[in-house]
Amino acid sequence: MTAAADNGDLEALRQEVERERKKLRALQEIGGLLGSTLDLNELLSLVVQRISEVMESDRTTLYLLDDDSGELWSKVAQGETLQEIRLPVGSGLAGHVAKTGKSLNVKDAYQDVRFDAEWDRRTGYRTRATLCVPMKNQHGRTLGVVQVLNKKVEGSEPSYFSAKDEALLSALAAQAAVGIENSKLFLSIVGKNIELLEAQKQLRRKIQELDVLFEIAQVSATAMELDELLQGVLARAMRAVDAEAASILIADEITGNLHFRAAVGGEAEQVKTLHIEAGHGICGWVAKHNKPQVVNDADSDDRHNREVSDEVGYHPSNVLCVPLRWTDGDRLGMGALELLNKSSGSEAFNDVDLKLATVIAGHISTAIEQARTRERREQEERLSALGQVLSSLLHDLRTPMTIISGYTRLLQKENDAEERQAMADTILRQVATLNAMTKETLAFARGDRKLFDEIDPHTADFRTVRAGGRVG
């Protein structure tokens, strides 16, 4: 009897030693895991598994405290299903521990009024013994709660968690808190670095945009002709959004058909000879409806004008098109800025490209309106000056006409051949004077000349006449 008892005690002692060895190995593994990764999801998943082994518990749930919402939520939960659990701080056993910062060891959860059995009812699980301990950082701030359920003792019915178990879980929670704090710090640093990199990228983009807009403003200020201005602006717009080709189309006042006023890249010269019927194609749709469009698969878009692509031999896959609008006297002018194909090939146009193209389109519209206003004002000034010039011209025409009329009558009566020749030469000089004055007037009316050269009919000397008056 004594020997049997001794053998039983020895076996129990061996089992106890083996359990302690398992706990020690698990503790060593947990210590190693905490230093092996900074990935929070991976860290928590591994730690929860080892805590269940060390604590000989049926389940382990690790709750983290969400500072923004003031809730506890389980990042990792063991069992048949993996679902997120959210608890308000102060609700349930884990919520009570998070609120008070003190451990809680309950032998039968259903006998505690703080226990919420809703999760058991939903899952069919039966919670009995529960041990919850807070996870705190080095400053004593609660980061979350570790909760173990239903103590297991091999070969016996579920038991309760002891004071030793509580001390052990508190130590494990402290270790886990260090790992979680380090992981959060690492993620915070990584997040800040990502934010800085993104901020740098956006800053570079903004600088690039400002450079392009500054260049566009310079071109607008220095270009003498509208076509020169549009060509210069278009080249910079294409570079700004990294496009292969670009064009500016302006609608005809009468037909509404779109004509390529400027083109860069692709088959630019051939494109300039074409036109697109009103409302046709992607750019025709954009000009008509005054809505920008980003089409990154042109062939799948029914509006895509394949005939133009086939004719010029350039087939775009990405199309970014924004409308142009300006006031031209008492009518509304319209057109479109079209950008084709990202230079990087597979990359597509995005919202950033669209915003920049819209800003550039606004500058183009303003430039067109100013150019048209300038042309209209110059034309009005030219017509006004032409009226004054014609008034002066009609006055000056009297002299050569009088000379021609007088010499013609004398020529009829003169018999001397030499005298007749001299009179004819005089008449011819006056006719040449009239022709010169007529050509100068027509050139001025067409806008080919800013100055009008008047011929003195008496001396055949040229005198400069500015619009609005004569200068001797």
# chains A, B, ... in the order shown; residues from 1 in each chain; ligands from 1
call {"tool": "closest_atom_pairs", "arguments": {"of": "segment 333-452 of chain A", "to": "segment 208-221 of chain A", "cutoff": "9 Å", "atoms": "only C-alpha atoms", "output": "CSV"}}
result
residue,atom,partner,partner_atom,distance
A:Leu356,CA,A:Glu209,CA,7.2
A:Val359,CA,A:Leu213,CA,8.6
A:Ile360,CA,A:Leu213,CA,7.2
A:His363,CA,A:Ile216,CA,7.8
A:Ile364,CA,A:Ile216,CA,8.7
A:Ala367,CA,A:Ser220,CA,6.5
call {"tool": "residues_around", "arguments": {"residues": "Gly256 of chain A", "least_positions_apart": "2", "cutoff": "12 Å", "atoms": "only C-alpha atoms", "output": "NGL selection string"}}
result
:A and (249-254 or 258-259 or 275-280 or 284-285 or 287-288 or 332-335)
call {"tool": "write_last_selection", "arguments": {"atoms": "N, CA, C and O atoms", "output": "compact mmCIF listing (two decimals), in the first residue's frame"}}
result
# COMPACT_ATOMS: atom_id res chain seq x y z
N LEU A 249 -8.53 71.41 -79.94
CA LEU A 249 -9.54 71.48 -80.98
C LEU A 249 -10.48 72.65 -80.68
O LEU A 249 -10.88 72.85 -79.54
N ILE A 250 -10.83 73.40 -81.72
CA ILE A 250 -11.74 74.56 -81.58
C ILE A 250 -12.91 74.37 -82.52
O ILE A 250 -12.74 74.01 -83.69
N ALA A 251 -14.11 74.62 -82.00
CA ALA A 251 -15.33 74.42 -82.78
C ALA A 251 -15.55 75.57 -83.76
O ALA A 251 -15.33 76.74 -83.43
N ASP A 252 -16.00 75.22 -84.96
CA ASP A 252 -16.34 76.22 -85.97
C ASP A 252 -17.59 76.99 -85.53
O ASP A 252 -18.53 76.41 -84.99
N GLU A 253 -17.59 78.31 -85.77
CA GLU A 253 -18.70 79.15 -85.32
C GLU A 253 -20.02 78.76 -85.97
O GLU A 253 -21.08 78.87 -85.35
N ILE A 254 -19.97 78.29 -87.20
CA ILE A 254 -21.20 78.01 -87.95
C ILE A 254 -21.60 76.54 -87.84
O ILE A 254 -22.72 76.22 -87.44
N LEU A 258 -15.28 70.38 -84.98
CA LEU A 258 -14.03 70.65 -84.28
C LEU A 258 -12.85 70.56 -85.24
O LEU A 258 -12.70 69.57 -85.97
N HIS A 259 -12.02 71.60 -85.23
CA HIS A 259 -10.82 71.64 -86.06
C HIS A 259 -9.58 71.60 -85.16
O HIS A 259 -9.55 72.24 -84.11
N HIS A 275 -10.77 67.27 -89.38
CA HIS A 275 -11.76 67.86 -88.49
C HIS A 275 -12.69 66.76 -87.98
O HIS A 275 -12.79 65.68 -88.58
N ILE A 276 -13.35 67.03 -86.88
CA ILE A 276 -14.28 66.07 -86.27
C ILE A 276 -15.66 66.71 -86.23
O ILE A 276 -15.80 67.86 -85.79
N GLU A 277 -16.66 65.99 -86.68
CA GLU A 277 -18.01 66.52 -86.70
C GLU A 277 -18.50 66.81 -85.29
O GLU A 277 -18.10 66.14 -84.33
N ALA A 278 -19.36 67.79 -85.18
CA ALA A 278 -19.87 68.22 -83.88
C ALA A 278 -20.48 67.05 -83.11
O ALA A 278 -21.31 66.32 -83.64
N GLY A 279 -20.04 66.87 -81.86
CA GLY A 279 -20.59 65.83 -81.00
C GLY A 279 -20.00 64.46 -81.21
O GLY A 279 -20.31 63.54 -80.45
N HIS A 280 -19.15 64.27 -82.23
CA HIS A 280 -18.59 62.96 -82.53
C HIS A 280 -17.26 62.77 -81.79
O HIS A 280 -16.55 63.73 -81.50
N GLY A 284 -15.39 65.39 -79.16
CA GLY A 284 -16.62 66.04 -79.58
C GLY A 284 -17.68 65.97 -78.49
O GLY A 284 -18.42 66.94 -78.25
N TRP A 285 -17.75 64.83 -77.80
CA TRP A 285 -18.70 64.66 -76.70
C TRP A 285 -18.34 65.61 -75.55
O TRP A 285 -19.22 66.25 -74.96
N ALA A 287 -16.61 68.45 -75.70
CA ALA A 287 -16.86 69.84 -76.08
C ALA A 287 -18.35 70.16 -76.03
O ALA A 287 -18.75 71.24 -75.59
N LYS A 288 -19.18 69.21 -76.45
CA LYS A 288 -20.63 69.44 -76.50
C LYS A 288 -21.25 69.48 -75.10
O LYS A 288 -22.06 70.34 -74.79
N LEU A 332 -20.59 82.16 -77.39
CA LEU A 332 -19.78 81.29 -76.54
C LEU A 332 -18.91 80.41 -77.41
O LEU A 332 -19.41 79.64 -78.25
N GLY A 333 -17.60 80.52 -77.24
CA GLY A 333 -16.67 79.67 -77.96
C GLY A 333 -16.45 78.37 -77.20
O GLY A 333 -16.49 78.34 -75.97
N MET A 334 -16.21 77.28 -77.93
CA MET A 334 -15.99 75.99 -77.26
C MET A 334 -14.95 75.18 -78.01
O MET A 334 -14.67 75.41 -79.19
N GLY A 335 -14.38 74.23 -77.29
CA GLY A 335 -13.36 73.36 -77.87
C GLY A 335 -12.98 72.30 -76.86
O GLY A 335 -13.71 72.03 -75.90
call {"tool": "atom_distance", "arguments": {"atom1": "atom CA of Glu71 of chain A", "atom2": "atom CA of Arg86 of chain A"}}
result
6.4 Å
call {"tool": "atom_distance", "arguments": {"atom1": "atom CA of Arg14 of chain A", "atom2": "atom CA of Val106 of chain A"}}
result
29.1 Å
call {"tool": "closest_residue", "arguments": {"among": "A:Leu203, A:Ala422, A:Ala235, A:Leu383", "to": "Leu442 of chain A", "atoms": "only C-alpha atoms"}}
result
A:Leu383
call {"tool": "closest_residue", "arguments": {"among": "A:Pro323, A:Gly281, A:Gly265, A:Gly140", "to": "Asp242 of chain A", "atoms": "only C-alpha atoms"}}
result
A:Gly265
call {"tool": "atom_distance", "arguments": {"atom1": "atom CA of His304 of chain A", "atom2": "atom CA of Gly232 of chain A"}}
result
26.6 Å
call {"tool": "residues_around", "arguments": {"residues": "Ser162 of chain A", "least_positions_apart": "3", "cutoff": "10 Å", "atoms": "only C-alpha atoms", "output": "list in words"}}
result
Asn105, Lys107, Leu131, Lys151, Ser159, Asp165, Glu166, Ala167 and Leu168 of chain A
call {"tool": "residues_around", "arguments": {"residues": "Thr366 of chain A", "least_positions_apart": "4", "cutoff": "9 Å", "atoms": "only C-alpha atoms", "output": "number ranges by chain"}}
result
A: 325-327, 361-362, 370-371
call {"tool": "closest_residue", "arguments": {"among": "A:Leu397, A:Glu418, A:Thr127, A:Asn290", "to": "Ala436 of chain A", "atoms": "only C-alpha atoms"}}
result
A:Leu397
call {"tool": "closest_residue", "arguments": {"among": "A:Ile404, A:Leu169, A:Val48, A:Lys355", "to": "Lys206 of chain A", "atoms": "only C-alpha atoms"}}
result
A:Lys355
call {"tool": "select_by_dssp", "arguments": {"residues": "segment 107-275 of chain A", "states": "strand (DSSP E)", "output": "VMD selection string"}}
result
chain A and resid 130 to 136 142 to 151 243 to 251 258 to 264 275
call {"tool": "select_by_dssp", "arguments": {"residues": "segment 323-383 of chain A", "states": "helix (DSSP H, G or I)", "output": "PyMOL selection string"}}
result
chain A and resi 351-383
